[in-house]
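The next block is data.tsv, given as TSV, C-alpha atoms.
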chain	number	residue	atom	x	y	z
A	1	MET	CA	-7.47	-24.31	20.95
A	2	GLY	CA	-3.93	-23.60	22.13
A	3	THR	CA	-2.51	-20.10	22.03
A	4	GLY	CA	-3.42	-17.56	19.42
A	5	GLU	CA	-6.54	-15.56	18.84
A	6	TRP	CA	-9.73	-15.40	16.86
A	7	ILE	CA	-9.87	-12.62	14.31
A	8	ALA	CA	-12.02	-11.64	11.35
A	9	CYS	CA	-10.18	-11.27	8.03
A	10	ARG	CA	-10.13	-7.56	7.26
A	11	SER	CA	-10.63	-8.20	3.59
A	12	CYS	CA	-13.46	-10.80	3.56
A	13	ASP	CA	-14.77	-10.97	7.17
A	14	GLN	CA	-14.08	-14.72	7.51
A	15	LEU	CA	-13.75	-15.80	11.16
A	16	LEU	CA	-10.39	-17.43	11.67
A	17	HIS	CA	-8.20	-18.68	14.45
A	18	VAL	CA	-4.62	-17.48	14.04
A	19	PRO	CA	-1.98	-19.29	16.11
A	20	VAL	CA	1.06	-17.50	17.51
A	21	LEU	CA	3.52	-17.72	14.63
A	22	LYS	CA	7.23	-18.46	14.70
A	23	THR	CA	9.81	-16.21	13.02
A	24	SER	CA	9.28	-15.87	9.28
A	25	GLU	CA	6.01	-17.84	9.34
A	26	ARG	CA	3.02	-16.17	7.76
A	27	ALA	CA	-0.73	-16.75	7.98
A	28	ASP	CA	-2.87	-16.04	4.90
A	29	CYS	CA	-6.66	-16.02	4.76
A	30	PRO	CA	-7.78	-19.27	3.08
A	31	THR	CA	-10.77	-17.53	1.54
A	32	CYS	CA	-9.31	-14.39	-0.02
A	33	GLY	CA	-5.52	-14.64	0.35
A	34	GLN	CA	-5.14	-11.58	2.60
A	35	VAL	CA	-2.03	-11.70	4.81
A	36	LEU	CA	-3.44	-12.00	8.33
A	37	SER	CA	-0.37	-12.13	10.48
A	38	ARG	CA	3.38	-12.55	10.23
A	39	GLY	CA	5.57	-14.28	12.76
A	40	ARG	CA	7.60	-11.58	14.48
A	41	PRO	CA	8.19	-12.78	18.04
A	42	ASP	CA	10.82	-10.09	18.63
A	43	SER	CA	8.75	-7.41	16.91
A	44	ILE	CA	9.08	-4.86	19.70
A	45	GLN	CA	12.88	-4.98	20.14
A	46	ARG	CA	13.49	-5.01	16.40
A	47	THR	CA	11.18	-2.08	15.85
A	48	LEU	CA	13.01	-0.20	18.59
A	49	ALA	CA	16.44	-0.76	17.01
A	50	LEU	CA	15.28	0.11	13.51
A	51	SER	CA	13.20	3.15	14.42
A	52	LEU	CA	16.06	4.53	16.48
A	53	SER	CA	18.42	4.29	13.49
A	54	ALA	CA	15.71	5.66	11.22
A	55	ILE	CA	15.12	8.77	13.31
A	56	ILE	CA	18.84	9.64	13.28
A	57	LEU	CA	19.07	9.11	9.52
A	58	TYR	CA	15.89	11.13	9.11
A	59	GLY	CA	17.58	14.04	10.87
A	60	VAL	CA	20.53	13.88	8.47
A	61	THR	CA	18.31	13.52	5.39
A	62	GLN	CA	16.23	16.56	6.23
A	63	SER	CA	18.83	18.91	7.68
A	64	THR	CA	21.70	18.60	5.22
A	65	THR	CA	22.13	19.45	1.55
A	66	PHE	CA	20.16	17.03	-0.57
A	67	MET	CA	21.27	17.83	-4.12
A	68	THR	CA	23.43	20.43	-5.84
A	69	PHE	CA	22.98	21.90	-9.29
A	70	GLU	CA	25.69	23.68	-11.24
A	71	LEU	CA	25.11	25.66	-14.42
A	72	GLN	CA	27.58	28.02	-16.10
A	73	GLY	CA	29.61	28.46	-12.95
A	74	ARG	CA	26.65	29.06	-10.69
A	75	THR	CA	25.89	26.50	-8.03
A	76	GLN	CA	22.61	25.98	-6.24
A	77	GLU	CA	22.23	23.76	-3.20
A	78	ALA	CA	18.88	22.42	-2.10
A	79	LYS	CA	17.52	20.54	0.88
A	80	ILE	CA	14.24	18.64	0.66
A	81	ILE	CA	12.48	21.57	2.30
A	82	THR	CA	13.87	24.10	-0.23
A	83	GLY	CA	11.54	23.09	-3.05
A	84	ILE	CA	8.60	22.90	-0.66
A	85	LEU	CA	9.25	26.43	0.65
A	86	GLU	CA	9.60	27.66	-2.93
A	87	LEU	CA	6.17	26.18	-3.70
A	88	PHE	CA	4.66	27.82	-0.61
A	89	ALA	CA	6.21	31.16	-1.62
A	90	ASP	CA	4.74	30.67	-5.08
A	91	GLY	CA	1.28	30.28	-3.56
A	92	LYS	CA	0.82	26.64	-4.51
A	93	LEU	CA	-0.61	25.75	-1.11
A	94	PRO	CA	-2.33	22.40	-1.82
A	95	LEU	CA	0.64	20.96	-3.73
A	96	ALA	CA	3.18	22.27	-1.21
A	97	SER	CA	1.19	20.91	1.74
A	98	LEU	CA	0.85	17.49	0.12
A	99	ILE	CA	4.61	17.26	-0.39
A	100	LEU	CA	5.28	18.60	3.10
A	101	VAL	CA	3.08	15.87	4.58
A	102	THR	CA	4.32	12.96	2.45
A	103	ALA	CA	8.05	13.76	2.43
A	104	VAL	CA	8.62	15.49	5.77
A	105	VAL	CA	5.81	15.29	8.35
A	106	ALA	CA	4.42	11.75	7.89
A	107	PRO	CA	7.82	10.00	7.78
A	108	PHE	CA	8.78	11.76	11.00
A	109	CYS	CA	5.49	11.00	12.75
A	110	TRP	CA	5.66	7.38	11.68
A	111	THR	CA	9.24	6.89	12.91
A	112	ALA	CA	8.61	8.81	16.12
A	113	ALA	CA	5.43	6.81	16.80
A	114	LEU	CA	7.29	3.51	16.34
A	115	LEU	CA	10.01	4.70	18.70
A	116	TYR	CA	7.52	6.02	21.26
A	117	ALA	CA	5.68	2.70	21.30
A	118	SER	CA	8.61	0.30	21.14
A	119	LEU	CA	11.04	1.91	23.62
A	120	PRO	CA	8.88	1.77	26.79
A	121	LEU	CA	7.24	-1.54	25.80
A	122	THR	CA	10.69	-3.13	25.52
A	123	PHE	CA	11.19	-2.27	29.19
A	124	LYS	CA	7.63	-3.35	30.07
A	125	VAL	CA	6.36	0.17	30.72
A	126	VAL	CA	3.08	1.48	29.27
A	127	PRO	CA	3.70	4.99	27.91
A	128	PRO	CA	0.87	7.53	28.21
A	129	GLY	CA	-1.33	7.91	25.14
A	130	ILE	CA	0.02	4.69	23.59
A	131	VAL	CA	-3.39	3.79	22.12
A	132	SER	CA	-3.64	7.01	20.10
A	133	VAL	CA	0.00	6.74	19.07
A	134	LEU	CA	-0.53	3.24	17.67
A	135	ARG	CA	-3.56	4.45	15.75
A	136	TRP	CA	-1.81	7.51	14.30
A	137	CYS	CA	1.20	5.38	13.49
A	138	GLN	CA	-0.87	3.55	10.84
A	139	ILE	CA	-2.14	6.76	9.27
A	140	ALA	CA	1.36	8.27	9.22
A	141	GLN	CA	2.72	5.13	7.56
A	142	ASP	CA	0.10	5.38	4.81
A	143	TRP	CA	1.14	8.94	3.99
A	144	SER	CA	4.88	8.49	4.31
A	145	MET	CA	6.22	8.26	0.77
A	146	LEU	CA	9.99	8.57	1.00
A	147	GLU	CA	10.51	5.52	-1.24
A	148	VAL	CA	8.77	7.42	-4.03
A	149	LEU	CA	11.08	10.37	-3.34
A	150	MET	CA	14.05	8.06	-3.85
A	151	LEU	CA	12.81	7.16	-7.32
A	152	ALA	CA	12.15	10.84	-7.98
A	153	VAL	CA	15.80	11.60	-7.18
A	154	ILE	CA	16.87	9.19	-9.93
A	155	VAL	CA	14.41	10.67	-12.43
A	156	THR	CA	15.53	14.21	-11.57
A	157	TYR	CA	19.14	13.22	-12.04
A	158	VAL	CA	18.41	11.83	-15.49
A	159	LYS	CA	16.38	14.90	-16.45
A	160	LEU	CA	19.04	17.41	-15.48
A	161	ALA	CA	22.21	15.44	-16.16
A	162	THR	CA	22.39	16.54	-19.79
A	163	LEU	CA	21.71	20.14	-18.84
A	164	ALA	CA	24.07	20.78	-15.98
A	165	HIS	CA	26.32	19.21	-13.42
A	166	LEU	CA	24.39	17.54	-10.63
A	167	GLY	CA	25.71	16.40	-7.29
A	168	PHE	CA	24.31	14.59	-4.30
A	169	GLY	CA	24.73	15.96	-0.80
A	170	PRO	CA	24.83	14.01	2.47
A	171	GLY	CA	21.04	14.24	2.63
A	172	ALA	CA	20.58	12.13	-0.47
A	173	MET	CA	23.24	9.69	0.73
A	174	ALA	CA	21.42	9.28	4.05
A	175	LEU	CA	18.13	8.66	2.26
A	176	ILE	CA	19.30	5.22	1.12
A	177	PRO	CA	20.01	3.76	4.60
A	178	LEU	CA	16.97	5.64	5.91
A	179	LEU	CA	14.74	3.79	3.45
A	180	LEU	CA	16.34	0.47	4.36
A	181	ALA	CA	15.75	1.17	8.07
A	182	LEU	CA	12.18	2.36	7.51
A	183	THR	CA	11.26	-0.59	5.31
A	184	ALA	CA	12.74	-3.02	7.83
A	185	ALA	CA	10.99	-1.20	10.69
A	186	GLY	CA	7.68	-1.42	8.83
A	187	ASP	CA	8.27	-5.12	8.30
A	188	SER	CA	9.19	-5.82	11.92
A	189	PHE	CA	6.23	-3.84	13.30
A	190	GLU	CA	3.46	-6.40	13.86
A	191	ARG	CA	0.53	-4.68	15.51
A	192	ALA	CA	-0.88	-7.84	17.07
A	193	VAL	CA	2.36	-8.31	19.05
A	194	PHE	CA	2.21	-4.72	20.34
A	195	TRP	CA	-1.43	-5.02	21.36
A	196	ARG	CA	-0.82	-8.36	23.05
A	197	ARG	CA	2.10	-6.94	25.06
A	198	LEU	CA	-0.02	-3.94	26.00
A	199	GLU	CA	-2.84	-6.17	27.23
A	200	GLN	CA	-0.44	-8.27	29.28
A	201	LEU	CA	1.07	-5.18	30.91
A	202	ARG	CA	-2.31	-3.73	31.78
A	203	GLN	CA	-3.41	-6.83	33.66
B	1	MET	CA	-8.05	-23.24	11.52
B	2	SER	CA	-11.23	-21.81	10.06
B	3	THR	CA	-14.98	-22.07	10.12
B	4	ASN	CA	-17.48	-21.23	7.45
B	5	LEU	CA	-18.70	-18.40	9.58
B	6	ARG	CA	-18.19	-14.76	8.77
B	7	ALA	CA	-17.95	-12.29	11.62
B	8	ILE	CA	-21.05	-10.35	10.57
B	9	HIS	CA	-23.24	-13.49	10.96
B	10	VAL	CA	-22.51	-13.71	14.66
B	11	GLU	CA	-22.56	-9.94	15.25
B	12	LEU	CA	-18.83	-9.65	15.68
B	13	ALA	CA	-16.99	-6.64	14.35
B	14	SER	CA	-13.29	-6.33	13.71
B	15	CYS	CA	-11.68	-3.24	15.25
B	16	GLU	CA	-9.93	-1.29	12.52
B	17	VAL	CA	-7.22	-0.06	14.86
B	18	CYS	CA	-6.20	-3.14	16.89
B	19	GLU	CA	-7.96	-5.99	15.03
B	20	ALA	CA	-9.74	-7.16	18.19
B	21	LEU	CA	-13.00	-9.03	17.66
B	22	VAL	CA	-15.74	-7.00	19.29
B	23	ARG	CA	-19.28	-8.08	20.11
B	24	PHE	CA	-21.19	-5.52	18.09
B	25	LYS	CA	-24.39	-4.07	19.48
B	26	GLU	CA	-26.25	-1.59	17.30
B	27	PRO	CA	-25.57	1.64	19.24
B	28	ALA	CA	-28.32	4.05	20.20
B	29	PRO	CA	-28.53	7.16	17.99
B	30	GLY	CA	-25.73	9.56	18.83
B	31	GLU	CA	-23.67	6.85	20.47
B	32	THR	CA	-20.94	4.59	19.12
B	33	CYS	CA	-19.84	1.07	19.90
B	34	LEU	CA	-16.32	1.26	21.36
B	35	CYS	CA	-13.58	-1.34	21.16
B	36	PRO	CA	-12.84	-2.60	24.69
B	37	ARG	CA	-9.13	-2.96	23.92
B	38	CYS	CA	-8.26	0.33	22.23
B	39	GLU	CA	-11.41	2.38	22.90
B	40	PHE	CA	-11.86	3.50	19.32
B	41	PRO	CA	-15.27	3.38	17.60
B	42	VAL	CA	-16.03	0.06	15.96
B	43	GLU	CA	-18.33	-0.47	12.97
B	44	LEU	CA	-19.45	-3.65	11.25
B	45	ARG	CA	-18.57	-2.08	7.89
B	46	LYS	CA	-16.89	1.19	6.94
B	47	PRO	CA	-19.70	3.78	7.18
B	48	ASN	CA	-21.33	4.81	3.86
B	49	SER	CA	-18.54	3.04	2.04
B	50	ILE	CA	-20.21	2.88	-1.37
B	51	ALA	CA	-21.50	6.46	-1.47
B	52	ARG	CA	-18.23	7.89	-0.18
B	53	THR	CA	-16.10	5.91	-2.59
B	54	TRP	CA	-18.31	6.92	-5.55
B	55	ALA	CA	-18.03	10.58	-4.56
B	56	LEU	CA	-14.26	10.44	-4.24
B	57	VAL	CA	-13.80	8.43	-7.45
B	58	LEU	CA	-15.97	10.81	-9.48
B	59	ALA	CA	-14.22	13.85	-8.05
B	60	ALA	CA	-10.85	12.30	-8.92
B	61	PHE	CA	-12.02	11.59	-12.49
B	62	VAL	CA	-12.96	15.25	-12.88
B	63	MET	CA	-9.61	16.44	-11.50
B	64	TYR	CA	-7.73	13.98	-13.71
B	65	ILE	CA	-8.68	15.95	-16.83
B	66	PRO	CA	-7.14	19.35	-15.95
B	67	ALA	CA	-4.23	17.53	-14.30
B	68	ASN	CA	-3.33	16.11	-17.70
B	69	LEU	CA	-4.32	19.04	-19.92
B	70	PHE	CA	-2.66	21.97	-18.15
B	71	ALA	CA	1.06	22.57	-17.85
B	72	MET	CA	2.77	20.75	-15.02
B	73	MET	CA	6.11	22.49	-15.32
B	74	VAL	CA	7.19	25.88	-16.69
B	75	ILE	CA	10.87	26.32	-17.61
B	76	LYS	CA	12.03	29.92	-17.95
B	77	GLN	CA	15.36	30.25	-19.66
B	78	GLY	CA	16.95	33.48	-20.96
B	79	GLY	CA	13.66	35.37	-21.26
B	80	GLN	CA	11.90	32.46	-22.95
B	81	SER	CA	9.35	30.30	-21.25
B	82	GLU	CA	8.47	26.75	-22.14
B	83	SER	CA	5.75	24.69	-20.55
B	84	ASP	CA	4.99	21.00	-20.58
B	85	ASN	CA	2.01	19.00	-19.40
B	86	ILE	CA	2.55	15.47	-18.09
B	87	LEU	CA	2.34	13.76	-21.48
B	88	GLY	CA	4.56	16.49	-22.96
B	89	GLY	CA	7.18	15.71	-20.33
B	90	VAL	CA	7.06	12.03	-21.29
B	91	ILE	CA	7.45	12.88	-25.00
B	92	THR	CA	10.40	15.19	-24.23
B	93	MET	CA	12.07	12.32	-22.39
B	94	LEU	CA	11.36	9.95	-25.31
B	95	ASN	CA	12.89	12.39	-27.80
B	96	ALA	CA	15.96	12.71	-25.61
B	97	GLY	CA	16.33	8.94	-25.74
B	98	TRP	CA	15.64	8.35	-22.06
B	99	TYR	CA	13.22	5.49	-22.65
B	100	PRO	CA	13.22	3.86	-19.17
B	101	VAL	CA	12.54	7.19	-17.44
B	102	ALA	CA	9.86	8.10	-19.98
B	103	ILE	CA	8.11	4.78	-19.39
B	104	LEU	CA	8.45	5.18	-15.61
B	105	ILE	CA	6.84	8.61	-15.61
B	106	PHE	CA	4.13	7.50	-18.02
B	107	ILE	CA	3.23	4.57	-15.76
B	108	ALA	CA	3.41	6.51	-12.48
B	109	SER	CA	1.64	9.71	-13.56
B	110	ILE	CA	-0.81	8.64	-16.24
B	111	THR	CA	-1.44	4.90	-15.95
B	112	VAL	CA	-1.49	4.42	-12.16
B	113	PRO	CA	-4.15	7.04	-11.30
B	114	LEU	CA	-6.34	5.97	-14.23
B	115	ALA	CA	-5.95	2.25	-13.43
B	116	LYS	CA	-6.88	2.96	-9.82
B	117	LEU	CA	-9.99	4.89	-10.80
B	118	VAL	CA	-11.11	2.30	-13.35
B	119	SER	CA	-10.50	-0.56	-10.87
B	120	LEU	CA	-12.42	1.14	-8.08
B	121	THR	CA	-15.29	1.94	-10.48
B	122	GLY	CA	-15.34	-1.72	-11.52
B	123	LEU	CA	-15.36	-2.88	-7.89
B	124	LEU	CA	-18.19	-0.46	-7.05
B	125	ILE	CA	-20.28	-1.62	-10.03
B	126	SER	CA	-19.64	-5.28	-9.17
B	127	VAL	CA	-20.93	-4.64	-5.63
B	128	HIS	CA	-24.00	-2.83	-7.00
B	129	LEU	CA	-24.75	-5.76	-9.33
B	130	LYS	CA	-24.14	-8.26	-6.50
B	131	SER	CA	-21.72	-9.96	-8.84
B	132	HIS	CA	-20.56	-13.49	-8.05
B	133	TRP	CA	-17.64	-13.23	-10.47
B	134	ASN	CA	-14.25	-14.22	-9.03
B	135	PRO	CA	-14.40	-12.63	-5.57
B	136	ARG	CA	-10.86	-13.73	-4.79
B	137	GLU	CA	-9.48	-11.98	-7.88
B	138	ARG	CA	-11.44	-8.86	-6.96
B	139	ALA	CA	-9.93	-8.99	-3.46
B	140	VAL	CA	-6.47	-9.13	-5.03
B	141	LEU	CA	-7.36	-6.23	-7.35
B	142	TYR	CA	-8.34	-4.13	-4.35
B	143	ARG	CA	-5.07	-4.88	-2.58
B	144	VAL	CA	-3.11	-3.89	-5.70
B	145	VAL	CA	-5.04	-0.61	-5.87
B	146	GLU	CA	-4.15	0.07	-2.23
B	147	VAL	CA	-0.44	-0.54	-2.83
B	148	ILE	CA	0.22	1.24	-6.13
B	149	GLY	CA	-1.52	4.51	-5.27
B	150	ARG	CA	1.47	6.20	-3.67
B	151	TRP	CA	3.64	5.84	-6.78
B	152	SER	CA	1.65	8.48	-8.63
B	153	MET	CA	3.44	10.99	-6.37
B	154	LEU	CA	6.57	10.43	-8.49
B	155	ASP	CA	6.08	13.39	-10.81
B	156	VAL	CA	5.15	15.66	-7.92
B	157	PHE	CA	8.39	14.83	-6.12
B	158	VAL	CA	10.43	15.32	-9.29
B	159	LEU	CA	8.80	18.72	-9.68
B	160	MET	CA	9.59	19.58	-6.07
B	161	LEU	CA	13.28	18.64	-6.50
B	162	LEU	CA	13.55	20.57	-9.78
B	163	ILE	CA	11.98	23.66	-8.26
B	164	GLY	CA	14.33	23.53	-5.29
B	165	LEU	CA	17.38	23.13	-7.50
B	166	VAL	CA	16.74	25.26	-10.53
B	167	GLN	CA	16.29	28.80	-9.24
B	168	LEU	CA	19.06	30.64	-11.09
B	169	GLY	CA	17.26	33.90	-11.82
B	170	ASN	CA	17.54	34.92	-15.48
B	171	LEU	CA	19.72	31.98	-16.34
B	172	MET	CA	17.12	29.31	-15.70
B	173	THR	CA	14.11	28.99	-13.45
B	174	ILE	CA	11.59	26.17	-13.08
B	175	GLU	CA	8.10	26.83	-11.80
B	176	VAL	CA	5.08	24.64	-11.28
B	177	GLY	CA	2.23	25.04	-13.77
B	178	ARG	CA	-1.52	25.09	-13.24
B	179	ALA	CA	-1.81	21.30	-13.35
B	180	GLY	CA	0.13	20.90	-10.10
B	181	THR	CA	-2.83	21.56	-7.82
B	182	TYR	CA	-5.16	19.33	-9.84
B	183	PHE	CA	-2.61	16.55	-9.85
B	184	ALA	CA	-2.22	16.79	-6.06
B	185	ALA	CA	-6.01	16.56	-5.82
B	186	VAL	CA	-6.06	13.38	-7.96
B	187	VAL	CA	-3.44	11.74	-5.74
B	188	VAL	CA	-5.20	12.59	-2.48
B	189	LEU	CA	-8.69	11.75	-3.77
B	190	THR	CA	-7.66	8.36	-5.17
B	191	ILE	CA	-5.88	7.41	-1.95
B	192	LEU	CA	-8.92	8.41	0.12
B	193	ALA	CA	-11.24	6.59	-2.32
B	194	ALA	CA	-9.23	3.37	-2.01
B	195	ARG	CA	-9.35	3.65	1.74
B	196	SER	CA	-13.09	4.35	1.96
B	197	PHE	CA	-14.00	1.26	-0.08
B	198	ASP	CA	-14.76	-1.72	2.14
B	199	PRO	CA	-13.49	-4.95	0.48
B	200	ARG	CA	-15.81	-7.04	2.66
B	201	LEU	CA	-18.75	-5.73	0.61
B	202	VAL	CA	-17.57	-7.91	-2.28
B	203	TRP	CA	-18.11	-10.97	-0.08
B	204	ASP	CA	-21.32	-9.67	1.47
B	205	ALA	CA	-22.81	-9.51	-2.02
B	206	LEU	CA	-22.13	-13.22	-2.58
B	207	GLU	CA	-24.49	-14.13	0.22
B	208	ASP	CA	-27.41	-11.86	-0.52
B	209	GLU	CA	-29.22	-14.21	-2.87
B	210	THR	CA	-28.50	-17.48	-1.13
Taking this structure as input, can you express it in the form of structure tokens?
Amino acid sequence: MGTGEWIACRSCDQLLHVPVLKTSERADCPTCGQVLSRGRPDSIQRTLALSLSAIILYGVTQSTTFMTFELQGRTQEAKIITGILELFADGKLPLASLILVTAVVAPFCWTAALLYASLPLTFKVVPPGIVSVLRWCQIAQDWSMLEVLMLAVIVTYVKLATLAHLGFGPGAMALIPLLLALTAAGDSFERAVFWRRLEQLRQ
Amino acid sequence: MSTNLRAIHVELASCEVCEALVRFKEPAPGETCLCPRCEFPVELRKPNSIARTWALVLAAFVMYIPANLFAMMVIKQGGQSESDNILGGVITMLNAGWYPVAILIFIASITVPLAKLVSLTGLLISVHLKSHWNPRERAVLYRVVEVIGRWSMLDVFVLMLLIGLVQLGNLMTIEVGRAGTYFAAVVVLTILAARSFDPRLVWDALEDET
């Protein structure tokens, strides 16, 4: 059978043998077309590099001025958290919590989980609680929606541009490379590679 | 390499967390079958998938109505207050000549949630009827539903940015309207509904009569 492993397609339950793939190869399910596995031999190192850059950019995006708004000589600066706090103060708890999770908490948890898993595994060390971290990593990724926020920035700009003078702070500037790093990190993270490395290290 | 076997035929379950193939033994009541690799509970199929998905889809349909009827955004300017629901916001954008943005918001806020709900309803009905119609296309439909869901957050994020920016007291203030909470509910419910549906049921139904 060679190297590789037997898996069941998560979309149609077909039993399949997936070989270890080379870089940029991809295995699709012959029955339903689901992507089964992507060739990312250096998944762990790449994820480490990208999640490290992402966490720094995340810090800049969240902690600095995101956008500025100027109307009749009055200027207002806002971070991402400003609007969320305003919503909390206004008593809109469900809406504010949803935004807090999707724009602040989940992106951080996702990036931190990738870093926590990839850094020790690169140096062949099994970090404590790695199994839970890998599980929560998936859930955090599902709820991390910064790419939608990026589009929202453009829409907001268009909406307010006729009304007042709008400016972008360093936070909004950092969002662009942050998204590039996060997207690339998501692409380089191949769970099968992480689990295989973990199994090897445990033996 | 493939066989004609499906995992369920040979009592193998796929671990949702680490994708390991696990020999599935029906656990005793009160116990669960654990994955030997990652030690998380393993099931042959997502538990109560159909009932859960129906509940979430119906709840989302109900929330979709007030989310679209009530005001999403209230603009207070010089003592006057003006409110817009989602469609109103799209029409305002159209009148201002911002066609691409109007179309974008219409797709993200109105079309995407509705398309998701209609698609999931269709998938649920097809599983109930044990339909043999194009399982591969239905598998693709499900994957599309999974991917597009997040984009309905667009209007919510726009609202959040506007509220953070436009707080100039009497000059101009933007507040969120009553629809905000309902809209958040639609987004969360549709995402949970998509996740609770088990796409393998589409293929299980193909085998029931043969």
Check every residue of chain A for an atom within 7 Å of chain B, counting all atoms listed in the file, and provide those that qualify as number ranges by chain. A: 7-8, 11-17, 32, 68-69, 76-78, 82-84, 86, 94-95, 98, 131, 135, 145, 148-149, 152-153, 155-156, 195
Contacts of stretch 185-190 of chain A at 12 Å (all atoms listed in the file; same-chain gap of 4+ positions) as a PyMOL selection string: (chain A and resi 20-21+23-24+26+35-55+107+110-115+117-118+134+137-138+140-142+144+177-181+194-197) or (chain B and resi 18-19)
Can I get the selected residues back with C-alpha atoms, as a JSON list (two decimals), keeping the file's coordinate frame?
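This went into selection.json:
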[["chain", "number", "residue", "atom", "x", "y", "z"],
["A", 20, "VAL", "CA", 1.06, -17.50, 17.51],
["A", 21, "LEU", "CA", 3.52, -17.72, 14.63],
["A", 23, "THR", "CA", 9.81, -16.21, 13.02],
["A", 24, "SER", "CA", 9.28, -15.87, 9.28],
["A", 26, "ARG", "CA", 3.02, -16.17, 7.76],
["A", 35, "VAL", "CA", -2.03, -11.70, 4.81],
["A", 36, "LEU", "CA", -3.44, -12.00, 8.33],
["A", 37, "SER", "CA", -0.37, -12.13, 10.48],
["A", 38, "ARG", "CA", 3.38, -12.55, 10.23],
["A", 39, "GLY", "CA", 5.57, -14.28, 12.76],
["A", 40, "ARG", "CA", 7.60, -11.58, 14.48],
["A", 41, "PRO", "CA", 8.19, -12.78, 18.04],
["A", 42, "ASP", "CA", 10.82, -10.09, 18.63],
["A", 43, "SER", "CA", 8.75, -7.41, 16.91],
["A", 44, "ILE", "CA", 9.08, -4.86, 19.70],
["A", 45, "GLN", "CA", 12.88, -4.98, 20.14],
["A", 46, "ARG", "CA", 13.49, -5.01, 16.40],
["A", 47, "THR", "CA", 11.18, -2.08, 15.85],
["A", 48, "LEU", "CA", 13.01, -0.20, 18.59],
["A", 49, "ALA", "CA", 16.44, -0.76, 17.01],
["A", 50, "LEU", "CA", 15.28, 0.11, 13.51],
["A", 51, "SER", "CA", 13.20, 3.15, 14.42],
["A", 52, "LEU", "CA", 16.06, 4.53, 16.48],
["A", 53, "SER", "CA", 18.42, 4.29, 13.49],
["A", 54, "ALA", "CA", 15.71, 5.66, 11.22],
["A", 55, "ILE", "CA", 15.12, 8.77, 13.31],
["A", 107, "PRO", "CA", 7.82, 10.00, 7.78],
["A", 110, "TRP", "CA", 5.66, 7.38, 11.68],
["A", 111, "THR", "CA", 9.24, 6.89, 12.91],
["A", 112, "ALA", "CA", 8.61, 8.81, 16.12],
["A", 113, "ALA", "CA", 5.43, 6.81, 16.80],
["A", 114, "LEU", "CA", 7.29, 3.51, 16.34],
["A", 115, "LEU", "CA", 10.01, 4.70, 18.70],
["A", 117, "ALA", "CA", 5.68, 2.70, 21.30],
["A", 118, "SER", "CA", 8.61, 0.30, 21.14],
["A", 134, "LEU", "CA", -0.53, 3.24, 17.67],
["A", 137, "CYS", "CA", 1.20, 5.38, 13.49],
["A", 138, "GLN", "CA", -0.87, 3.55, 10.84],
["A", 140, "ALA", "CA", 1.36, 8.27, 9.22],
["A", 141, "GLN", "CA", 2.72, 5.13, 7.56],
["A", 142, "ASP", "CA", 0.10, 5.38, 4.81],
["A", 144, "SER", "CA", 4.88, 8.49, 4.31],
["A", 177, "PRO", "CA", 20.01, 3.76, 4.60],
["A", 178, "LEU", "CA", 16.97, 5.64, 5.91],
["A", 179, "LEU", "CA", 14.74, 3.79, 3.45],
["A", 180, "LEU", "CA", 16.34, 0.47, 4.36],
["A", 181, "ALA", "CA", 15.75, 1.17, 8.07],
["A", 194, "PHE", "CA", 2.21, -4.72, 20.34],
["A", 195, "TRP", "CA", -1.43, -5.02, 21.36],
["A", 196, "ARG", "CA", -0.82, -8.36, 23.05],
["A", 197, "ARG", "CA", 2.10, -6.94, 25.06],
["B", 18, "CYS", "CA", -6.20, -3.14, 16.89],
["B", 19, "GLU", "CA", -7.96, -5.99, 15.03]]
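If you count only C-alpha atoms and ignore residues fewer than 6 places along the chain from A:Ala174, what sits within 12 Å of it is Ser53, Ala54, Ile55, Ile56, Leu57, Tyr58, Gly59, Val60, Thr61, Gln62, Ser63, Thr64, Thr65, Phe66, Met67, Leu146, Met150, Phe168, Leu180 and Ala181 of chain A.
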Quick one: residues within 9 Å of stretch 48-55 of chain B, only C-alpha atoms, excluding same-chain residues fewer than 6 positions away - as a short mmCIF file (atom, residue, chain, number, x, y, z; two decimals) with C-alpha atoms, in the coordinates of the input?
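Result written to selection_28.cif:
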data_model
loop_
_atom_site.label_atom_id
_atom_site.label_comp_id
_atom_site.auth_asym_id
_atom_site.auth_seq_id
_atom_site.Cartn_x
_atom_site.Cartn_y
_atom_site.Cartn_z
CA LEU B 120 -12.42 1.14 -8.08
CA THR B 121 -15.29 1.94 -10.48
CA LEU B 124 -18.19 -0.46 -7.05
CA VAL B 127 -20.93 -4.64 -5.63
CA HIS B 128 -24.00 -2.83 -7.00
CA LEU B 192 -8.92 8.41 0.12
CA ALA B 193 -11.24 6.59 -2.32
CA ALA B 194 -9.23 3.37 -2.01
CA ARG B 195 -9.35 3.65 1.74
CA SER B 196 -13.09 4.35 1.96
CA PHE B 197 -14.00 1.26 -0.08
CA ASP B 198 -14.76 -1.72 2.14
CA LEU B 201 -18.75 -5.73 0.61
#
3 Å per side around stretch 162-170 of chain A: axis-aligned box centre and edge lengths, as lines of an AutoDock Vina configuration file:
center_x = 24.0
center_y = 17.4
center_z = -8.7
size_x = 10.6
size_y = 12.8
size_z = 28.3
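Here atom CA of A:Ala106 and atom CA of B:Tyr64 stand 24.9 Å from one another.
Counting from atom CA of A:Ala103, the distance to atom CA of B:Val145 is 21.1 Å.
The two atoms in question, atom CA of A:Trp143 and atom CA of B:Val186, are spaced 14.6 Å apart.
With distances taken over all atoms listed in the file, B:Leu206 is the one residue among B:Val74, B:Leu206, B:Val90, B:Val42 lying closest to B:Asn134.
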